[in-house]
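Enquirer: See final.cif below, with mmCIF, C-alpha atoms.
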```
data_upload
loop_
_atom_site.label_atom_id
_atom_site.label_comp_id
_atom_site.auth_asym_id
_atom_site.auth_seq_id
_atom_site.Cartn_x
_atom_site.Cartn_y
_atom_site.Cartn_z
CA MET T 17 0.00 0.00 0.00
CA ARG T 18 1.40 3.39 -0.94
CA THR T 19 2.38 6.06 1.57
CA ALA T 20 -0.70 8.18 0.91
CA GLY T 21 -2.83 5.18 1.67
CA TRP T 22 -1.18 4.71 5.04
CA ARG T 23 -1.79 8.37 5.98
CA SER T 24 -5.50 8.10 5.26
CA PHE T 25 -6.05 4.56 6.51
CA ALA T 26 -7.47 5.98 9.75
CA ILE T 27 -10.70 6.59 7.80
CA TYR T 28 -10.92 2.86 7.31
CA GLY T 29 -10.20 2.24 10.99
CA CYS T 30 -13.06 4.49 12.08
CA ALA T 31 -15.47 2.84 9.67
CA ILE T 32 -14.45 -0.61 10.88
CA ALA T 33 -15.02 0.42 14.49
CA LEU T 34 -18.54 1.59 13.67
CA CYS T 35 -19.42 -1.45 11.59
CA GLN T 36 -17.85 -4.24 13.68
CA PRO T 37 -21.14 -4.93 15.49
CA LEU T 38 -22.63 -5.86 12.12
CA ALA T 39 -20.14 -8.76 12.06
CA ALA T 40 -20.16 -8.99 8.27
CA CYS T 41 -19.19 -7.01 5.22
CA GLY T 42 -22.48 -6.53 3.38
CA SER T 43 -24.02 -9.64 4.87
CA ALA T 44 -27.78 -10.12 4.57
CA GLU T 45 -28.86 -6.63 3.59
CA LYS T 46 -30.57 -6.43 0.22
CA PRO T 47 -28.44 -4.07 -1.87
CA PRO T 48 -30.29 -1.06 -3.26
CA ALA T 49 -29.87 0.04 -6.83
CA SER T 50 -26.64 1.85 -7.57
CA THR T 51 -26.72 5.62 -7.32
CA ASN T 52 -23.58 6.19 -9.36
CA ASP T 53 -23.62 8.45 -12.38
CA LYS T 54 -24.55 6.72 -15.60
CA GLY T 55 -21.76 6.49 -18.09
CA ALA T 56 -19.06 6.25 -15.45
CA VAL T 57 -18.48 2.55 -16.10
CA LYS T 58 -17.11 1.11 -19.31
CA THR T 59 -18.97 -1.81 -20.85
CA ALA T 60 -17.00 -4.77 -22.11
CA PRO T 61 -17.58 -5.97 -25.66
CA ALA T 62 -19.14 -9.35 -26.30
CA ILE T 63 -16.83 -12.15 -25.19
CA PRO T 64 -16.53 -15.38 -27.22
CA ALA T 65 -17.85 -18.47 -25.46
CA ASP T 66 -14.44 -20.14 -25.67
CA ALA T 67 -12.53 -17.21 -24.16
CA PRO T 68 -10.23 -18.06 -21.23
CA LEU T 69 -12.00 -18.02 -17.86
CA VAL T 70 -10.87 -15.88 -14.94
CA ILE T 71 -12.72 -16.47 -11.65
CA ALA T 72 -12.92 -13.54 -9.23
CA PHE T 73 -13.37 -15.34 -5.90
CA GLY T 74 -13.92 -13.14 -2.85
CA ASP T 75 -16.37 -11.29 -0.62
CA SER T 76 -18.50 -8.16 -1.05
CA LEU T 77 -15.53 -6.21 -2.44
CA TYR T 78 -15.65 -8.66 -5.34
CA ALA T 79 -19.41 -9.22 -5.43
CA GLY T 80 -20.31 -5.61 -6.25
CA TYR T 81 -22.06 -4.71 -3.01
CA GLN T 82 -24.83 -2.13 -3.64
CA LEU T 83 -23.77 -1.77 -7.28
CA GLY T 84 -25.47 -2.42 -10.58
CA PRO T 85 -24.89 -5.60 -12.61
CA LYS T 86 -22.16 -4.00 -14.74
CA GLU T 87 -20.48 -2.05 -11.95
CA GLY T 88 -18.89 -4.83 -9.87
CA LEU T 89 -15.32 -6.05 -10.05
CA ALA T 90 -15.83 -8.92 -12.48
CA PRO T 91 -17.52 -6.94 -15.30
CA GLN T 92 -15.25 -3.94 -14.82
CA LEU T 93 -12.10 -6.09 -14.79
CA GLN T 94 -13.30 -7.85 -17.93
CA ALA T 95 -13.82 -4.45 -19.59
CA ALA T 96 -10.41 -3.16 -18.47
CA LEU T 97 -8.73 -6.25 -19.89
CA ALA T 98 -10.65 -5.93 -23.16
CA ASP T 99 -9.42 -2.34 -23.44
CA ASP T 100 -5.90 -3.78 -23.36
CA GLY T 101 -6.75 -6.32 -26.03
CA VAL T 102 -6.95 -9.22 -23.58
CA VAL T 103 -10.16 -11.14 -24.22
CA VAL T 104 -11.19 -13.22 -21.22
CA ARG T 105 -14.42 -14.00 -19.42
CA VAL T 106 -14.33 -12.88 -15.78
CA GLN T 107 -16.77 -14.82 -13.60
CA ASN T 108 -18.12 -13.17 -10.47
CA ALA T 109 -17.64 -15.63 -7.60
CA GLY T 110 -17.85 -13.00 -4.87
CA VAL T 111 -20.25 -13.53 -1.95
CA SER T 112 -21.05 -10.67 0.42
CA GLY T 113 -20.32 -11.57 4.02
CA ASP T 114 -17.96 -14.44 3.21
CA THR T 115 -15.17 -15.17 5.66
CA THR T 116 -12.11 -17.16 4.67
CA ALA T 117 -13.74 -20.20 6.28
CA ALA T 118 -16.85 -19.82 4.11
CA GLY T 119 -14.71 -19.28 1.03
CA ARG T 120 -12.68 -22.38 1.83
CA GLN T 121 -15.89 -24.42 2.04
CA ARG T 122 -17.21 -23.31 -1.34
CA LEU T 123 -14.01 -23.09 -3.39
CA THR T 124 -14.01 -26.71 -4.54
CA TYR T 125 -17.67 -26.46 -5.57
CA VAL T 126 -17.02 -23.32 -7.63
CA LEU T 127 -14.02 -24.86 -9.36
CA ASP T 128 -15.73 -28.19 -10.01
CA ASN T 129 -18.78 -26.48 -11.52
CA ALA T 130 -16.98 -23.90 -13.64
CA LYS T 131 -17.88 -24.11 -17.32
CA ALA T 132 -14.18 -24.35 -18.18
CA GLU T 133 -10.89 -24.89 -16.43
CA PRO T 134 -9.97 -21.45 -15.05
CA ALA T 135 -6.96 -19.80 -16.61
CA LEU T 136 -6.60 -17.74 -13.43
CA VAL T 137 -8.28 -17.26 -10.06
CA VAL T 138 -8.22 -13.82 -8.47
CA LEU T 139 -8.55 -14.54 -4.75
CA GLY T 140 -9.46 -11.99 -2.09
CA LEU T 141 -10.89 -12.83 1.33
CA GLY T 142 -10.19 -11.85 4.92
CA GLY T 143 -11.94 -8.52 5.45
CA ASN T 144 -14.89 -10.19 7.14
CA ASP T 145 -12.58 -12.22 9.35
CA MET T 146 -11.30 -8.90 10.62
CA LEU T 147 -14.80 -7.51 11.14
CA ARG T 148 -15.77 -10.59 13.12
CA GLY T 149 -12.58 -10.58 15.19
CA ILE T 150 -11.55 -13.99 13.90
CA GLY T 151 -8.01 -14.90 14.88
CA PRO T 152 -5.39 -14.24 12.20
CA ASP T 153 -4.14 -17.81 12.57
CA GLN T 154 -7.49 -19.07 11.30
CA THR T 155 -7.46 -16.59 8.44
CA ARG T 156 -3.98 -17.71 7.46
CA ALA T 157 -4.90 -21.40 7.64
CA ASN T 158 -7.98 -20.96 5.45
CA LEU T 159 -6.19 -18.90 2.81
CA ASP T 160 -3.31 -21.37 2.87
CA ALA T 161 -5.72 -24.24 2.24
CA MET T 162 -7.35 -22.43 -0.70
CA LEU T 163 -4.02 -21.60 -2.26
CA ALA T 164 -2.90 -25.21 -1.78
CA GLU T 165 -6.05 -26.44 -3.55
CA LEU T 166 -5.45 -24.09 -6.47
CA LYS T 167 -1.81 -25.14 -6.69
CA LYS T 168 -2.85 -28.82 -6.69
CA ARG T 169 -5.11 -28.06 -9.65
CA GLU T 170 -2.29 -26.08 -11.33
CA ILE T 171 -4.44 -22.94 -11.52
CA PRO T 172 -2.49 -19.66 -11.39
CA VAL T 173 -3.54 -17.22 -8.68
CA LEU T 174 -3.57 -13.47 -8.20
CA LEU T 175 -3.96 -12.81 -4.47
CA THR T 176 -5.40 -9.48 -3.37
CA GLY T 177 -4.45 -8.42 0.14
CA MET T 178 -6.29 -6.81 3.02
CA MET T 179 -4.91 -4.62 5.80
CA ALA T 180 -5.93 -4.63 9.45
CA ALA T 181 -7.75 -1.45 10.43
CA PRO T 182 -5.68 0.71 12.80
CA ASN T 183 -8.25 0.62 15.58
CA LEU T 184 -7.69 -3.13 15.96
CA GLY T 185 -4.28 -2.48 17.46
CA SER T 186 -0.71 -3.29 16.56
CA ASP T 187 -0.77 -6.83 17.97
CA TYR T 188 -3.59 -7.83 15.62
CA ALA T 189 -2.02 -5.99 12.68
CA ASP T 190 1.36 -7.64 13.28
CA LYS T 191 -0.28 -11.04 12.86
CA PHE T 192 -2.83 -10.19 10.18
CA ASN T 193 -0.97 -8.00 7.70
CA PRO T 194 1.90 -10.42 6.90
CA ILE T 195 -0.53 -13.19 5.96
CA TYR T 196 -0.97 -12.07 2.37
CA PRO T 197 2.61 -11.31 1.28
CA GLU T 198 3.91 -14.43 3.02
CA LEU T 199 1.34 -16.72 1.40
CA ALA T 200 1.83 -15.09 -1.98
CA SER T 201 5.53 -15.83 -1.66
CA LYS T 202 4.94 -19.38 -0.42
CA TYR T 203 2.74 -20.24 -3.39
CA ASP T 204 4.49 -18.05 -5.95
CA ALA T 205 1.22 -16.22 -6.56
CA SER T 206 0.88 -12.83 -8.17
CA PHE T 207 0.13 -10.26 -5.49
CA TYR T 208 -1.80 -6.99 -5.17
CA PRO T 209 -1.00 -5.85 -1.63
CA PHE T 210 -4.21 -3.99 -0.74
CA ILE T 211 -7.48 -4.36 -2.64
CA LEU T 212 -8.62 -0.82 -1.74
CA ASP T 213 -5.33 0.92 -2.50
CA ASN T 214 -5.92 4.40 -3.96
CA VAL T 215 -9.64 4.00 -3.23
CA ILE T 216 -10.13 4.01 0.53
CA THR T 217 -8.30 7.36 0.69
CA ASP T 218 -10.83 9.12 -1.56
CA LYS T 219 -14.41 9.47 -0.29
CA ALA T 220 -15.55 10.19 -3.85
CA LEU T 221 -14.68 6.57 -4.66
CA MET T 222 -16.43 5.02 -1.66
CA LEU T 223 -19.99 4.25 -0.66
CA GLY T 224 -21.39 6.01 2.38
CA ASP T 225 -20.32 3.18 4.70
CA ASN T 226 -16.63 3.99 3.99
CA LEU T 227 -16.05 0.24 3.62
CA HIS T 228 -17.05 -0.53 0.05
CA PRO T 229 -16.07 1.15 -3.22
CA ASN T 230 -18.68 2.72 -5.44
CA ALA T 231 -18.66 2.04 -9.19
CA LYS T 232 -15.91 4.59 -9.82
CA GLY T 233 -13.88 3.08 -6.98
CA VAL T 234 -14.23 -0.36 -8.50
CA THR T 235 -12.94 1.10 -11.76
CA VAL T 236 -9.75 2.13 -9.94
CA VAL T 237 -9.42 -1.36 -8.46
CA ALA T 238 -10.00 -3.03 -11.84
CA GLU T 239 -7.46 -0.81 -13.57
CA GLY T 240 -4.94 -1.61 -10.84
CA LEU T 241 -5.53 -5.34 -11.14
CA ALA T 242 -5.64 -5.57 -14.94
CA PRO T 243 -1.87 -5.45 -15.58
CA LEU T 244 -1.26 -8.14 -12.95
CA VAL T 245 -3.99 -10.32 -14.42
CA GLU T 246 -2.44 -9.95 -17.86
CA GLN T 247 0.97 -10.97 -16.52
CA ALA T 248 -0.44 -13.91 -14.55
CA LEU T 249 -2.42 -15.44 -17.43
CA PRO T 250 -0.57 -18.51 -18.74
CA ASP T 251 -0.41 -17.26 -22.33
CA ALA T 252 0.63 -13.73 -21.40
CA GLY T 253 3.40 -12.20 -23.37
#
```
With the file now loaded, output its structure as C-alpha cells.
Expert:
Amino acid sequence: MRTAGWRSFAIYGCAIALCQPLAACGSAEKPPASTNDKGAVKTAPAIPADAPLVIAFGDSLYAGYQLGPKEGLAPQLQAALADDGVVVRVQNAGVSGDTTAAGRQRLTYVLDNAKAEPALVVLGLGGNDMLRGIGPDQTRANLDAMLAELKKREIPVLLTGMMAAPNLGSDYADKFNPIYPELASKYDASFYPFILDNVITDKALMLGDNLHPNAKGVTVVAEGLAPLVEQALPDAG
C-alpha cells in the first residue's frame, strides 16, 4: 500500500469500528440500486464463449455490493482487460459476508462447476474475518488451504491483500498484515498488496459506509488489477 494510503487509513479504521457490530461485510442486507452516475463505467464488448475463464473469488468487495450488474469487479475487470486487447471472461464468484472459512468451504464447488478450467483465479478474502474478530491464525490457515487447492489443480492465482484497520491495534495488525505477502511468496502467486489501494483514501470513490467502493472506486481497483492479471495469465506475453 502506498504512503498516501497509510496516511489516510485511519478513515478505514473508524469505519471498521462503527461497523464491527454488524459482524459482516455486506451480509444479509438487500443491496439497493446503484446511485452512481450513468456512463461512469465502461462496458466490455461481447466475449466469445471459448474465451479463457478468470474467476474472481472473494467477498463483497468482489461481489459488487450495492452496485449495478455491470459495476462490480468482475464486469469492470473484464472491460479493463478488453481495453488492453486481452479477451477473457471474468466470472463473479464474490459472496457478500464471506469469511475465509466460508470461502474455503465453497471453493471446490465453484471450481468443479466452472464451465471451463480457469486460466486464473483472483482470490481476495479476509476482510470479514477482521470484522468478526476472527483470529489471524485461522485466516492464514484458510487462505493457505485455498491456495494449496489451487496449486494442486495447477491454476495460477492473483492474491489481493487486506490490511488490518488501525483501531484493531498493533498486535492484531502484526499477525494479520503479513498473511498475504507471506502466502503469496509461499505459493508463488501474483500479489496486489491492498485491494482498496488508492480508493479508501478518496471518499468520492467510496460508498457512504466507507467500507465498500462505489462504481468509480471499482474502476480504480479493476485498472490496478488488470496489468497483474495480464501478466499472470498462462499465455501472457
Enquirer: Would you compute the distance between CA of Ala161 in chain T and CA of Tyr81 in chain T? Give it in Å to one decimal.
Expert: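 Distance reported for this atom pair: 26.0 Å.
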Enquirer: Could you list the residues chosen by the PyMOL selection byres ((chain T and resi 193) around 10) in this structure as a list in words?
Expert: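 Evaluating the PyMOL selection byres ((chain T and resi 193) around 10) on these coordinates yields Pro152, Gly177, Met178, Met179, Ala180, Ala181, Tyr188, Ala189, Asp190, Lys191, Phe192, Pro194, Ile195, Tyr196, Pro197, Glu198, Pro209 and Phe210 of chain T.
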Enquirer: Skipping near chain neighbours, those fewer than 4 positions away, what residues fall within 9 Å of Leu139 in chain T using only C-alpha atoms, listed as a list in words?
Expert: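 Once the nearby chain positions are removed, what remains is Ile71, Ala72, Phe73, Gly74, Met162, Leu163, Val173, Leu174, Leu175, Thr176 and Gly177 of chain T.
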Enquirer: With C-alpha atoms retained, write the just-selected residues as a compact mmCIF listing (two decimals), keeping the file's coordinate frame.
Expert:
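Output file again.txt is given in full below:
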```txt
# COMPACT_ATOMS: atom_id res chain seq x y z
CA ILE T 71 -12.72 -16.47 -11.65
CA ALA T 72 -12.92 -13.54 -9.23
CA PHE T 73 -13.37 -15.34 -5.90
CA GLY T 74 -13.92 -13.14 -2.85
CA MET T 162 -7.35 -22.43 -0.70
CA LEU T 163 -4.02 -21.60 -2.26
CA VAL T 173 -3.54 -17.22 -8.68
CA LEU T 174 -3.57 -13.47 -8.20
CA LEU T 175 -3.96 -12.81 -4.47
CA THR T 176 -5.40 -9.48 -3.37
CA GLY T 177 -4.45 -8.42 0.14
```
Enquirer: Taking into account all atoms listed in the file, which residue in the set T:Ile63, T:Leu223, T:Val215, T:Val102 is nearest to Thr235 in chain T?
Expert: T:Val215
Enquirer: Would you mind telling me which residue in T:Pro229, T:Pro91, T:Gly110, T:Gly142 lies nearest to Leu123 in chain T when using all atoms listed in the file?
Expert: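 Of T:Pro229, T:Pro91, T:Gly110, T:Gly142, the one nearest Leu123 in chain T is T:Gly110, counting all atoms listed in the file.
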Enquirer: For the file shown, what are the residues hit by the PyMOL selection byres ((chain T and resi 115) around 9), laid out as an MDAnalysis selection string?
Expert: chainID T and resid 40 74:75 113:114 116:120 141:146 148 155
Enquirer: Check which residues satisfy the PyMOL selection byres ((chain T and resi 232) around 10) in the file shown, then give them as a list of chain:residue names.
Expert: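 What the PyMOL selection byres ((chain T and resi 232) around 10) grabs from the file is T:Asn52, T:Asp53, T:Ala56, T:Val57, T:Glu87, T:Gly88, T:Gln92, T:Val215, T:Ala220, T:Leu221, T:Met222, T:Pro229, T:Asn230, T:Ala231, T:Gly233, T:Val234, T:Thr235, T:Val236, T:Val237, T:Ala238.
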Enquirer: To one decimal place in Å, what is the distance between CA of Pro64 in chain T and CA of Val104 in chain T?
Expert: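 Atom-to-atom, CA of Pro64 in chain T to CA of Val104 in chain T, that is 8.3 Å.
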